[in-house]
file run.pdb (PDB, C-alpha atoms)
ATOM      1  CA  MET A   1       2.789  12.579  21.439
ATOM      2  CA  ARG A   2       6.564  12.272  21.334
ATOM      3  CA  ASN A   3       6.594   8.892  19.612
ATOM      4  CA  ASP A   4       4.246   9.715  16.744
ATOM      5  CA  PRO A   5       5.972   9.572  13.322
ATOM      6  CA  ALA A   6       5.921  13.330  12.725
ATOM      7  CA  SER A   7       7.613  13.970  16.078
ATOM      8  CA  LEU A   8      10.226  11.283  15.399
ATOM      9  CA  ILE A   9      10.952  12.795  11.980
ATOM     10  CA  SER A  10      11.197  16.248  13.535
ATOM     11  CA  LYS A  11      13.737  14.946  16.072
ATOM     12  CA  LYS A  12      15.802  13.238  13.353
ATOM     13  CA  ILE A  13      15.863  16.410  11.241
ATOM     14  CA  ILE A  14      17.068  18.441  14.224
ATOM     15  CA  GLU A  15      19.837  15.884  14.847
ATOM     16  CA  SER A  16      20.984  15.818  11.208
ATOM     17  CA  ASN A  17      23.212  18.269   9.352
ATOM     18  CA  ARG A  18      23.065  17.043   5.748
ATOM     19  CA  ILE A  19      19.688  15.914   4.398
ATOM     20  CA  VAL A  20      18.713  14.629   0.969
ATOM     21  CA  ILE A  21      15.144  14.476  -0.347
ATOM     22  CA  THR A  22      13.873  12.334  -3.204
ATOM     23  CA  SER A  23      10.450  11.404  -4.552
ATOM     24  CA  HIS A  24       8.830   8.914  -6.868
ATOM     25  CA  LEU A  25       9.529   8.254 -10.521
ATOM     26  CA  ARG A  26       7.488  10.550 -12.797
ATOM     27  CA  PRO A  27       7.184  13.144  -9.988
ATOM     28  CA  ASP A  28       3.982  15.154  -9.660
ATOM     29  CA  GLY A  29       3.105  18.551  -8.260
ATOM     30  CA  ASP A  30       2.651  17.299  -4.714
ATOM     31  CA  SER A  31       6.059  15.627  -4.471
ATOM     32  CA  ILE A  32       7.871  18.400  -6.377
ATOM     33  CA  CYS A  33       6.444  21.363  -4.472
ATOM     34  CA  THR A  34       6.631  19.591  -1.116
ATOM     35  CA  SER A  35      10.312  18.788  -1.763
ATOM     36  CA  LEU A  36      11.003  22.473  -2.356
ATOM     37  CA  ALA A  37       9.079  23.553   0.745
ATOM     38  CA  LEU A  38      10.862  20.954   2.872
ATOM     39  CA  SER A  39      14.263  22.060   1.598
ATOM     40  CA  PHE A  40      13.590  25.690   2.552
ATOM     41  CA  MET A  41      12.267  24.579   5.945
ATOM     42  CA  GLY A  42      15.527  22.696   6.503
ATOM     43  CA  GLU A  43      17.567  25.730   5.529
ATOM     44  CA  LEU A  44      15.725  27.823   8.130
ATOM     45  CA  LEU A  45      17.048  25.286  10.638
ATOM     46  CA  SER A  46      20.595  25.743   9.258
ATOM     47  CA  LYS A  47      20.581  22.335   7.589
ATOM     48  CA  GLU A  48      22.231  21.552   4.261
ATOM     49  CA  VAL A  49      19.399  20.167   2.153
ATOM     50  CA  THR A  50      19.695  18.644  -1.322
ATOM     51  CA  ILE A  51      16.876  17.420  -3.578
ATOM     52  CA  ILE A  52      17.696  14.658  -6.069
ATOM     53  CA  ASN A  53      15.024  13.016  -8.236
ATOM     54  CA  ARG A  54      15.562  10.258 -10.748
ATOM     55  CA  ASP A  55      13.175  11.638 -13.404
ATOM     56  CA  ASN A  56      12.868  15.063 -14.991
ATOM     57  CA  ILE A  57      10.382  17.681 -13.816
ATOM     58  CA  PRO A  58       7.190  17.634 -15.933
ATOM     59  CA  PHE A  59       5.319  20.637 -17.299
ATOM     60  CA  PRO A  60       4.112  23.007 -15.856
ATOM     61  CA  PHE A  61       6.225  22.451 -12.738
ATOM     62  CA  ASN A  62       9.473  22.836 -14.683
ATOM     63  CA  HIS A  63       8.614  26.554 -14.872
ATOM     64  CA  PHE A  64       7.804  26.976 -11.162
ATOM     65  CA  PRO A  65       9.901  29.221  -8.894
ATOM     66  CA  ASP A  66      12.993  27.618  -7.285
ATOM     67  CA  ILE A  67      12.781  24.534  -9.515
ATOM     68  CA  GLU A  68      16.504  24.831 -10.210
ATOM     69  CA  LYS A  69      17.090  23.470  -6.681
ATOM     70  CA  ILE A  70      16.039  19.998  -7.840
ATOM     71  CA  GLN A  71      18.888  17.899  -9.224
ATOM     72  CA  ILE A  72      18.214  15.029 -11.624
ATOM     73  CA  GLY A  73      20.191  11.841 -11.158
ATOM     74  CA  GLU A  74      21.330   9.326  -8.549
ATOM     75  CA  VAL A  75      21.622   9.907  -4.814
ATOM     76  CA  PRO A  76      25.278   9.230  -3.829
ATOM     77  CA  SER A  77      25.848   6.214  -1.620
ATOM     78  CA  GLN A  78      26.676   7.870   1.715
ATOM     79  CA  PRO A  79      27.399  11.598   2.160
ATOM     80  CA  PHE A  80      24.061  12.510   3.849
ATOM     81  CA  ASP A  81      22.850  11.935   7.423
ATOM     82  CA  MET A  82      19.345  10.948   6.321
ATOM     83  CA  ILE A  83      17.127  10.643   3.282
ATOM     84  CA  ILE A  84      13.464  11.635   3.090
ATOM     85  CA  LEU A  85      11.437   9.725   0.488
ATOM     86  CA  LEU A  86       8.195  11.435  -0.527
ATOM     87  CA  GLU A  87       5.299   9.377  -1.906
ATOM     88  CA  CYS A  88       7.392   6.225  -2.404
ATOM     89  CA  ALA A  89       5.587   2.968  -1.586
ATOM     90  CA  ASN A  90       9.017   1.318  -1.528
ATOM     91  CA  VAL A  91      12.597   2.266  -2.343
ATOM     92  CA  SER A  92      12.322   1.019  -5.929
ATOM     93  CA  ARG A  93       9.510   3.532  -6.526
ATOM     94  CA  SER A  94      12.125   6.278  -6.162
ATOM     95  CA  GLY A  95      14.326   4.801  -8.889
ATOM     96  CA  GLN A  96      17.318   5.283  -6.566
ATOM     97  CA  LYS A  97      19.755   2.379  -6.229
ATOM     98  CA  SER A  98      22.271   3.316  -3.486
ATOM     99  CA  LEU A  99      20.125   3.888  -0.399
ATOM    100  CA  ASP A 100      20.860   0.731   1.621
ATOM    101  CA  ASN A 101      23.117   2.441   4.168
ATOM    102  CA  TYR A 102      20.935   5.510   4.671
ATOM    103  CA  PHE A 103      18.665   6.335   7.581
ATOM    104  CA  LYS A 104      15.371   6.469   5.693
ATOM    105  CA  VAL A 105      12.258   8.520   6.381
ATOM    106  CA  ASN A 106       9.132   7.511   4.477
ATOM    107  CA  ILE A 107       6.406  10.179   4.137
ATOM    108  CA  ASP A 108       3.409   9.079   2.071
ATOM    109  CA  HIS A 109      -0.345   9.512   1.834
ATOM    110  CA  HIS A 110      -1.145   6.493  -0.346
ATOM    111  CA  HIS A 111      -2.874   3.354   0.926
ATOM    112  CA  SER A 112      -0.276   1.122  -0.718
ATOM    113  CA  ASN A 113       3.014   1.314   1.182
ATOM    114  CA  ASP A 114       5.591  -1.278   2.291
ATOM    115  CA  TYR A 115       6.606   0.531   5.523
ATOM    116  CA  TYR A 116      10.245  -0.010   4.593
ATOM    117  CA  ALA A 117      11.973   2.925   6.311
ATOM    118  CA  ASP A 118      13.491   3.609   9.737
ATOM    119  CA  ILE A 119      10.617   6.027  10.336
ATOM    120  CA  ASN A 120       7.370   5.506   8.423
ATOM    121  CA  TRP A 121       4.715   8.232   8.340
ATOM    122  CA  VAL A 122       1.908   7.014   6.113
ATOM    123  CA  ASP A 123      -1.434   8.814   6.361
ATOM    124  CA  PRO A 124      -3.997   7.834   3.696
ATOM    125  CA  ASN A 125      -6.391  10.406   5.163
ATOM    126  CA  ALA A 126      -4.085  13.271   4.201
ATOM    127  CA  SER A 127      -4.921  15.059   0.967
ATOM    128  CA  ALA A 128      -1.247  15.367  -0.005
ATOM    129  CA  VAL A 129       2.239  15.029   1.445
ATOM    130  CA  GLY A 130       2.176  18.839   1.325
ATOM    131  CA  GLU A 131      -0.469  18.743   4.042
ATOM    132  CA  MET A 132       1.648  16.333   6.110
ATOM    133  CA  VAL A 133       4.804  18.432   5.746
ATOM    134  CA  TYR A 134       2.877  21.492   6.926
ATOM    135  CA  GLU A 135       2.172  19.574  10.145
ATOM    136  CA  LEU A 136       5.862  18.613  10.304
ATOM    137  CA  GLY A 137       6.809  22.272   9.946
ATOM    138  CA  GLU A 138       4.592  23.177  12.888
ATOM    139  CA  LYS A 139       6.306  20.515  15.026
ATOM    140  CA  LEU A 140       9.689  21.926  13.974
ATOM    141  CA  GLY A 141       8.582  25.418  15.006
ATOM    142  CA  ILE A 142       9.046  26.773  11.478
ATOM    143  CA  GLN A 143       8.043  30.365  10.775
ATOM    144  CA  PHE A 144       6.449  29.774   7.382
ATOM    145  CA  THR A 145       7.688  32.243   4.787
ATOM    146  CA  PRO A 146       5.568  33.188   1.744
ATOM    147  CA  GLN A 147       8.009  31.110  -0.331
ATOM    148  CA  ILE A 148       7.370  27.959   1.742
ATOM    149  CA  ALA A 149       3.644  28.697   1.977
ATOM    150  CA  ASN A 150       3.323  29.000  -1.805
ATOM    151  CA  HIS A 151       5.058  25.658  -2.397
ATOM    152  CA  LEU A 152       2.908  23.791   0.141
ATOM    153  CA  TYR A 153      -0.265  25.445  -1.139
ATOM    154  CA  SER A 154       0.715  24.451  -4.697
ATOM    155  CA  ALA A 155       1.255  20.856  -3.553
ATOM    156  CA  ILE A 156      -2.201  20.584  -1.997
ATOM    157  CA  VAL A 157      -4.053  22.406  -4.785
ATOM    158  CA  SER A 158      -2.316  20.225  -7.375
ATOM    159  CA  ASP A 159      -3.154  16.924  -5.660
ATOM    160  CA  THR A 160      -6.768  17.854  -4.898
ATOM    161  CA  GLY A 161      -7.417  19.074  -8.438
ATOM    162  CA  SER A 162      -8.072  22.563  -7.121
ATOM    163  CA  PHE A 163     -10.252  21.075  -4.347
ATOM    164  CA  GLN A 164     -12.406  19.070  -6.769
ATOM    165  CA  PHE A 165     -11.156  15.562  -5.906
ATOM    166  CA  SER A 166     -12.434  13.314  -3.130
ATOM    167  CA  ASN A 167      -9.247  13.744  -1.072
ATOM    168  CA  THR A 168     -10.324  17.322  -0.304
ATOM    169  CA  THR A 169     -11.120  17.487   3.419
ATOM    170  CA  ALA A 170     -11.861  20.037   6.107
ATOM    171  CA  LYS A 171      -8.272  19.576   7.289
ATOM    172  CA  SER A 172      -6.749  20.230   3.860
ATOM    173  CA  LEU A 173      -8.895  23.347   3.459
ATOM    174  CA  GLY A 174      -7.883  24.438   6.964
ATOM    175  CA  VAL A 175      -4.186  24.025   6.158
ATOM    176  CA  CYS A 176      -4.630  26.043   2.957
ATOM    177  CA  TYR A 177      -6.408  28.764   4.939
ATOM    178  CA  LYS A 178      -3.346  28.983   7.199
ATOM    179  CA  LEU A 179      -0.980  28.954   4.219
ATOM    180  CA  VAL A 180      -2.785  31.864   2.570
ATOM    181  CA  ASN A 181      -2.544  33.794   5.826
ATOM    182  CA  GLN A 182       1.181  32.991   5.822
ATOM    183  CA  GLY A 183       1.713  34.416   2.353
ATOM    184  CA  ALA A 184       0.559  31.885  -0.246
ATOM    185  CA  ASP A 185      -1.008  33.566  -3.291
ATOM    186  CA  PRO A 186      -3.979  31.464  -4.534
ATOM    187  CA  ILE A 187      -4.377  33.430  -7.754
ATOM    188  CA  LYS A 188      -0.740  33.072  -8.801
ATOM    189  CA  VAL A 189      -0.692  29.383  -7.855
ATOM    190  CA  SER A 190      -3.859  28.645  -9.852
ATOM    191  CA  ASP A 191      -2.495  30.596 -12.788
ATOM    192  CA  ARG A 192       0.749  28.594 -12.781
ATOM    193  CA  LEU A 193      -1.070  25.288 -12.408
ATOM    194  CA  PHE A 194      -4.054  25.666 -14.706
ATOM    195  CA  ASN A 195      -3.502  28.578 -17.113
ATOM    196  CA  ASN A 196      -0.206  27.622 -18.677
ATOM    197  CA  ASN A 197      -1.319  25.128 -21.323
ATOM    198  CA  LEU A 198       0.592  24.975 -24.575
ATOM    199  CA  PRO A 199      -1.444  24.904 -27.805
ATOM    200  CA  GLU A 200      -0.040  21.395 -28.338
ATOM    201  CA  LYS A 201      -1.561  20.294 -25.033
ATOM    202  CA  ILE A 202      -5.032  21.348 -26.177
ATOM    203  CA  LYS A 203      -4.509  19.507 -29.469
ATOM    204  CA  LEU A 204      -3.441  16.418 -27.502
ATOM    205  CA  LEU A 205      -6.581  16.676 -25.391
ATOM    206  CA  GLY A 206      -8.661  16.556 -28.571
ATOM    207  CA  GLN A 207      -6.771  13.540 -29.924
ATOM    208  CA  VAL A 208      -7.100  11.585 -26.679
ATOM    209  CA  LEU A 209     -10.791  12.396 -26.217
ATOM    210  CA  SER A 210     -11.428  11.237 -29.798
ATOM    211  CA  THR A 211     -10.501   7.706 -28.635
ATOM    212  CA  LEU A 212     -13.296   7.718 -26.037
ATOM    213  CA  GLN A 213     -15.165   4.430 -25.741
ATOM    214  CA  MET A 214     -17.841   3.352 -23.285
ATOM    215  CA  ASN A 215     -18.698  -0.136 -22.091
ATOM    216  CA  LYS A 216     -22.247  -1.363 -22.675
ATOM    217  CA  LYS A 217     -23.424  -0.404 -19.196
ATOM    218  CA  GLY A 218     -22.050   3.106 -19.582
ATOM    219  CA  ASN A 219     -20.277   3.013 -16.212
ATOM    220  CA  ILE A 220     -16.717   2.713 -17.565
ATOM    221  CA  ALA A 221     -15.082   5.201 -19.937
ATOM    222  CA  ILE A 222     -11.903   4.244 -21.787
ATOM    223  CA  ILE A 223      -9.486   6.718 -23.376
ATOM    224  CA  THR A 224      -6.041   6.142 -24.879
ATOM    225  CA  MET A 225      -2.880   8.117 -25.502
ATOM    226  CA  PHE A 226      -0.412   6.552 -27.933
ATOM    227  CA  LYS A 227       3.240   7.522 -28.127
ATOM    228  CA  GLU A 228       2.616   8.820 -31.627
ATOM    229  CA  ASN A 229       0.173  11.380 -30.177
ATOM    230  CA  LEU A 230       3.009  12.895 -28.166
ATOM    231  CA  GLN A 231       5.576  12.556 -30.938
ATOM    232  CA  SER A 232       3.361  14.182 -33.576
ATOM    233  CA  LEU A 233       3.006  17.242 -31.330
ATOM    234  CA  ASN A 234       6.671  17.175 -30.269
ATOM    235  CA  LEU A 235       5.680  16.522 -26.666
ATOM    236  CA  ARG A 236       7.613  14.261 -24.296
ATOM    237  CA  GLU A 237       5.882  14.318 -20.936
ATOM    238  CA  ILE A 238       2.794  16.298 -20.076
ATOM    239  CA  ASP A 239       0.204  16.413 -17.322
ATOM    240  CA  THR A 240      -2.956  14.640 -18.457
ATOM    241  CA  GLU A 241      -5.042  14.835 -15.270
ATOM    242  CA  ASP A 242      -7.528  17.240 -16.824
ATOM    243  CA  ILE A 243      -8.237  14.747 -19.627
ATOM    244  CA  THR A 244      -9.285  12.065 -17.159
ATOM    245  CA  THR A 245     -11.289  14.643 -15.216
ATOM    246  CA  LEU A 246     -13.289  15.447 -18.358
ATOM    247  CA  ALA A 247     -13.953  11.766 -19.056
ATOM    248  CA  ARG A 248     -14.958  11.166 -15.436
ATOM    249  CA  SER A 249     -17.495  13.993 -15.679
ATOM    250  CA  ILE A 250     -19.659  11.928 -18.076
ATOM    251  CA  LYS A 251     -23.030  11.146 -16.533
ATOM    252  CA  GLY A 252     -23.216   7.584 -15.223
ATOM    253  CA  VAL A 253     -19.464   6.936 -15.385
ATOM    254  CA  GLU A 254     -18.072   5.324 -12.240
ATOM    255  CA  MET A 255     -14.553   4.769 -13.519
ATOM    256  CA  VAL A 256     -12.195   6.003 -16.238
ATOM    257  CA  LEU A 257      -9.453   3.762 -17.646
ATOM    258  CA  PHE A 258      -6.763   5.852 -19.315
ATOM    259  CA  PHE A 259      -4.428   3.704 -21.437
ATOM    260  CA  LYS A 260      -1.012   5.346 -21.899
ATOM    261  CA  GLU A 261       1.345   3.604 -24.293
ATOM    262  CA  MET A 262       4.743   3.274 -22.595
ATOM    263  CA  GLY A 263       6.464   1.010 -25.130
ATOM    264  CA  LYS A 264       5.723  -1.797 -27.559
ATOM    265  CA  ASP A 265       2.683  -3.681 -26.212
ATOM    266  CA  THR A 266       3.068  -2.014 -22.800
ATOM    267  CA  PHE A 267       0.492   0.339 -21.300
ATOM    268  CA  ARG A 268       0.256   2.262 -18.061
ATOM    269  CA  ILE A 269      -3.436   2.384 -17.111
ATOM    270  CA  SER A 270      -4.444   5.311 -14.925
ATOM    271  CA  ILE A 271      -7.722   4.798 -13.086
ATOM    272  CA  ARG A 272      -9.947   7.623 -11.927
ATOM    273  CA  SER A 273     -13.213   6.872 -10.158
ATOM    274  CA  LYS A 274     -15.971   8.611  -8.263
ATOM    275  CA  ASP A 275     -18.549   7.925  -5.567
ATOM    276  CA  THR A 276     -18.029   4.471  -4.006
ATOM    277  CA  ALA A 277     -15.973   2.945  -6.847
ATOM    278  CA  ASN A 278     -12.566   2.066  -5.332
ATOM    279  CA  ALA A 279      -9.770   2.667  -7.840
ATOM    280  CA  ALA A 280      -7.049   1.444  -5.454
ATOM    281  CA  LEU A 281      -8.654  -1.982  -4.990
ATOM    282  CA  ILE A 282      -9.001  -2.379  -8.758
ATOM    283  CA  ALA A 283      -5.370  -1.383  -9.354
ATOM    284  CA  GLU A 284      -4.134  -3.787  -6.678
ATOM    285  CA  LYS A 285      -5.816  -6.689  -8.496
ATOM    286  CA  PHE A 286      -3.542  -5.876 -11.456
ATOM    287  CA  GLY A 287      -0.387  -5.404  -9.356
ATOM    288  CA  GLY A 288      -0.667  -1.639  -8.968
ATOM    289  CA  GLY A 289      -1.975   0.690  -6.276
ATOM    290  CA  GLY A 290      -2.977   4.200  -5.346
ATOM    291  CA  HIS A 291      -5.826   6.119  -3.727
ATOM    292  CA  LEU A 292      -9.557   5.497  -3.403
ATOM    293  CA  HIS A 293     -10.311   7.558  -6.522
ATOM    294  CA  ALA A 294      -6.911   7.711  -8.249
ATOM    295  CA  ALA A 295      -4.738   4.682  -8.922
ATOM    296  CA  GLY A 296      -2.885   2.866 -11.682
ATOM    297  CA  PHE A 297      -1.154  -0.254 -12.929
ATOM    298  CA  THR A 298       0.906  -1.469 -15.887
ATOM    299  CA  VAL A 299      -0.089  -4.221 -18.330
ATOM    300  CA  SER A 300       1.494  -5.874 -21.351
ATOM    301  CA  GLY A 301      -0.237  -7.288 -24.416
ATOM    302  CA  LYS A 302      -1.793  -6.376 -27.712
ATOM    303  CA  TYR A 303      -3.808  -3.177 -27.462
ATOM    304  CA  GLU A 304      -6.975  -4.551 -29.074
ATOM    305  CA  LYS A 305      -7.012  -7.513 -26.680
ATOM    306  CA  LEU A 306      -6.338  -5.363 -23.619
ATOM    307  CA  LEU A 307      -9.023  -2.891 -24.687
ATOM    308  CA  LYS A 308     -11.568  -5.719 -24.575
ATOM    309  CA  GLU A 309     -10.332  -7.700 -21.575
ATOM    310  CA  ILE A 310      -9.371  -4.992 -19.054
ATOM    311  CA  PRO A 311     -12.745  -3.149 -18.978
ATOM    312  CA  GLU A 312     -14.559  -6.514 -18.677
ATOM    313  CA  LYS A 313     -12.412  -7.525 -15.690
ATOM    314  CA  VAL A 314     -12.812  -4.086 -14.129
ATOM    315  CA  ASP A 315     -16.600  -4.230 -14.488
ATOM    316  CA  THR A 316     -16.623  -7.639 -12.762
ATOM    317  CA  LEU A 317     -14.525  -6.232  -9.929
ATOM    318  CA  LEU A 318     -16.835  -3.216  -9.622
ATOM    319  CA  LYS A 319     -19.827  -5.584  -9.276
ATOM    320  CA  LYS A 320     -18.039  -7.391  -6.446
ATOM    321  CA  GLN A 321     -17.397  -4.050  -4.717
ATOM    322  CA  THR A 322     -21.127  -3.271  -4.706
ATOM    323  CA  GLU A 323     -21.910  -6.722  -3.312
ATOM    324  CA  ILE A 324     -19.637  -6.298  -0.283
TER     325      ILE A 324
END
call {"tool": "encode", "arguments": {"input": "run.pdb", "output": "structure tokens"}}
result
Amino acid sequence: MRNDPASLISKKIIESNRIVITSHLRPDGDSICTSLALSFMGELLSKEVTIINRDNIPFPFNHFPDIEKIQIGEVPSQPFDMIILLECANVSRSGQKSLDNYFKVNIDHHHSNDYYADINWVDPNASAVGEMVYELGEKLGIQFTPQIANHLYSAIVSDTGSFQFSNTTAKSLGVCYKLVNQGADPIKVSDRLFNNNLPEKIKLLGQVLSTLQMNKKGNIAIITMFKENLQSLNLREIDTEDITTLARSIKGVEMVLFFKEMGKDTFRISIRSKDTANAALIAEKFGGGGHLHAAGFTVSGKYEKLLKEIPEKVDTLLKKQTEI
């Protein structure tokens, strides 16, 4: 279909000469690796492609190949023909402030999206934007190099938790099968993603898990990471997905609430759920959003009060989900 979003994006890329890519604040493996793959795809088409993110690259992705291509800072007000925003529910999610005059392309796989761009391609059924950009590459007639294949494979493996999360589908596995045939190296990718922990990260894992609390029903697990945990180990930003995965593995747990102290009396709460428990619906009730089994929101208040009130509200919302 010529008017489907992927085809429209493909046409716009072909028409453009200078392209800039950005992604969401606190970028993750999917947005980072997909940005890199997309930039190399553009270069194969003789396009000038620049990647500019507002926030720094977190570990372990700051040690990935080609990461030096990603600039940190503000997108200039006008020198590009188009901007591609990856995994941004709205422009503010990118942290960029000078995009009003740009032709915008919105590529996202989250349920929560404001459909704000000139072309919006939002597919909540996709495992990752890496999967979507693979489809885009096929429409563009790209000959996938091992370099591009490795970045897209990394994006999908990262966002599916090495194919353990509920967003793993036959399609995502099929795309990865193609990527491996096109040169992606699963062993090297897994090694970069999962076997690069610093000793401090393992110590942090122990500190966070020591905060584990369960509600009376045993269906909600609560863990907390305070700023002092990071500071005491001389850590700034670090991937904590494996900590929530461990807490979610507890028998009987439907949902994990991971409190992350962002500032005085301010916490980012990451939600991870399993089975039929809908993390996105819970997050939306608190002004946040996300996926079926991975979402989040931000709250303000005294920790002790939040620790009591939030799990109680979440349990009430979970009961309503089962009654629907």
call {"tool": "closest_atom_pairs", "arguments": {"input": "run.pdb", "of": "stretch 133-177 of chain A", "to": "stretch 52-72 of chain A", "cutoff": "10 Å", "atoms": "all atoms listed in the file", "output": "Markdown table"}}
result
| residue | atom | partner | partner_atom | distance |
| --- | --- | --- | --- | --- |
| A:Gln147 | CA | A:Pro65 | CA | 9.0 |
| A:Asn150 | CA | A:Pro65 | CA | 9.7 |
| A:His151 | CA | A:Pro65 | CA | 8.9 |
| A:Ser154 | CA | A:Phe64 | CA | 9.9 |
call {"tool": "residues_around", "arguments": {"input": "run.pdb", "residues": "stretch 212-228 of chain A", "least_positions_apart": "4", "cutoff": "6 Å", "atoms": "only C-alpha atoms", "output": "number ranges by chain"}}
result
A: 208, 232, 252-261
call {"tool": "residues_around", "arguments": {"input": "run.pdb", "residues": "A:Asp118", "least_positions_apart": "2", "cutoff": "9 Å", "atoms": "only C-alpha atoms", "output": "PDB file with C-alpha atoms, in the frame of the given file"}}
result
ATOM      1  CA  PHE A 103      18.665   6.335   7.581  1.00  0.00           C
ATOM      2  CA  LYS A 104      15.371   6.469   5.693  1.00  0.00           C
ATOM      3  CA  VAL A 105      12.258   8.520   6.381  1.00  0.00           C
ATOM      4  CA  ASN A 106       9.132   7.511   4.477  1.00  0.00           C
ATOM      5  CA  TYR A 115       6.606   0.531   5.523  1.00  0.00           C
ATOM      6  CA  TYR A 116      10.245  -0.010   4.593  1.00  0.00           C
ATOM      7  CA  ASN A 120       7.370   5.506   8.423  1.00  0.00           C
TER       8      ASN A 120
END
call {"tool": "resolve_selection", "arguments": {"input": "run.pdb", "expression": "the PyMOL selection byres ((chain A and resi 239) around 9)", "output": "list of chain:residue names"}}
result
A:Asp28, A:Pro58, A:Phe59, A:Pro60, A:Lys201, A:Glu237, A:Ile238, A:Thr240, A:Glu241, A:Asp242, A:Ile243
call {"tool": "write_last_selection", "arguments": {"input": "run.pdb", "atoms": "C-alpha atoms", "output": "short mmCIF file (atom, residue, chain, number, x, y, z; two decimals), in the coordinates of the input"}}
result
data_model
loop_
_atom_site.label_atom_id
_atom_site.label_comp_id
_atom_site.auth_asym_id
_atom_site.auth_seq_id
_atom_site.Cartn_x
_atom_site.Cartn_y
_atom_site.Cartn_z
CA ASP A 28 3.98 15.15 -9.66
CA PRO A 58 7.19 17.63 -15.93
CA PHE A 59 5.32 20.64 -17.30
CA PRO A 60 4.11 23.01 -15.86
CA LYS A 201 -1.56 20.29 -25.03
CA GLU A 237 5.88 14.32 -20.94
CA ILE A 238 2.79 16.30 -20.08
CA THR A 240 -2.96 14.64 -18.46
CA GLU A 241 -5.04 14.84 -15.27
CA ASP A 242 -7.53 17.24 -16.82
CA ILE A 243 -8.24 14.75 -19.63
#
call {"tool": "resolve_selection", "arguments": {"input": "run.pdb", "expression": "the PyMOL selection byres ((chain A and resi 134) around 12)", "output": "ChimeraX atom specification"}}
result
/A:6,10,33-35,37-38,41,126-133,135-145,148-153,155-156,171-172,174-179,182
call {"tool": "closest_residue", "arguments": {"input": "run.pdb", "among": "A:Ile83, A:Lys11, A:Pro5, A:Asn181", "to": "A:Ser39", "atoms": "all atoms listed in the file"}}
result
A:Ile83
call {"tool": "atom_distance", "arguments": {"input": "run.pdb", "atom1": "atom CA of A:Ser270", "atom2": "atom CA of A:Val314"}}
result
12.6 Å
call {"tool": "atom_distance", "arguments": {"input": "run.pdb", "atom1": "atom CA of A:Ala117", "atom2": "atom CA of A:Ser166"}}
result
28.2 Å
call {"tool": "closest_residue", "arguments": {"input": "run.pdb", "among": "A:Gln96, A:Gln207, A:Ser7, A:Thr266", "to": "A:Leu230", "atoms": "only C-alpha atoms"}}
result
A:Gln207
call {"tool": "closest_residue", "arguments": {"input": "run.pdb", "among": "A:Leu292, A:Ala170, A:Ala280, A:Ile32", "to": "A:Glu87", "atoms": "only C-alpha atoms"}}
result
A:Ile32
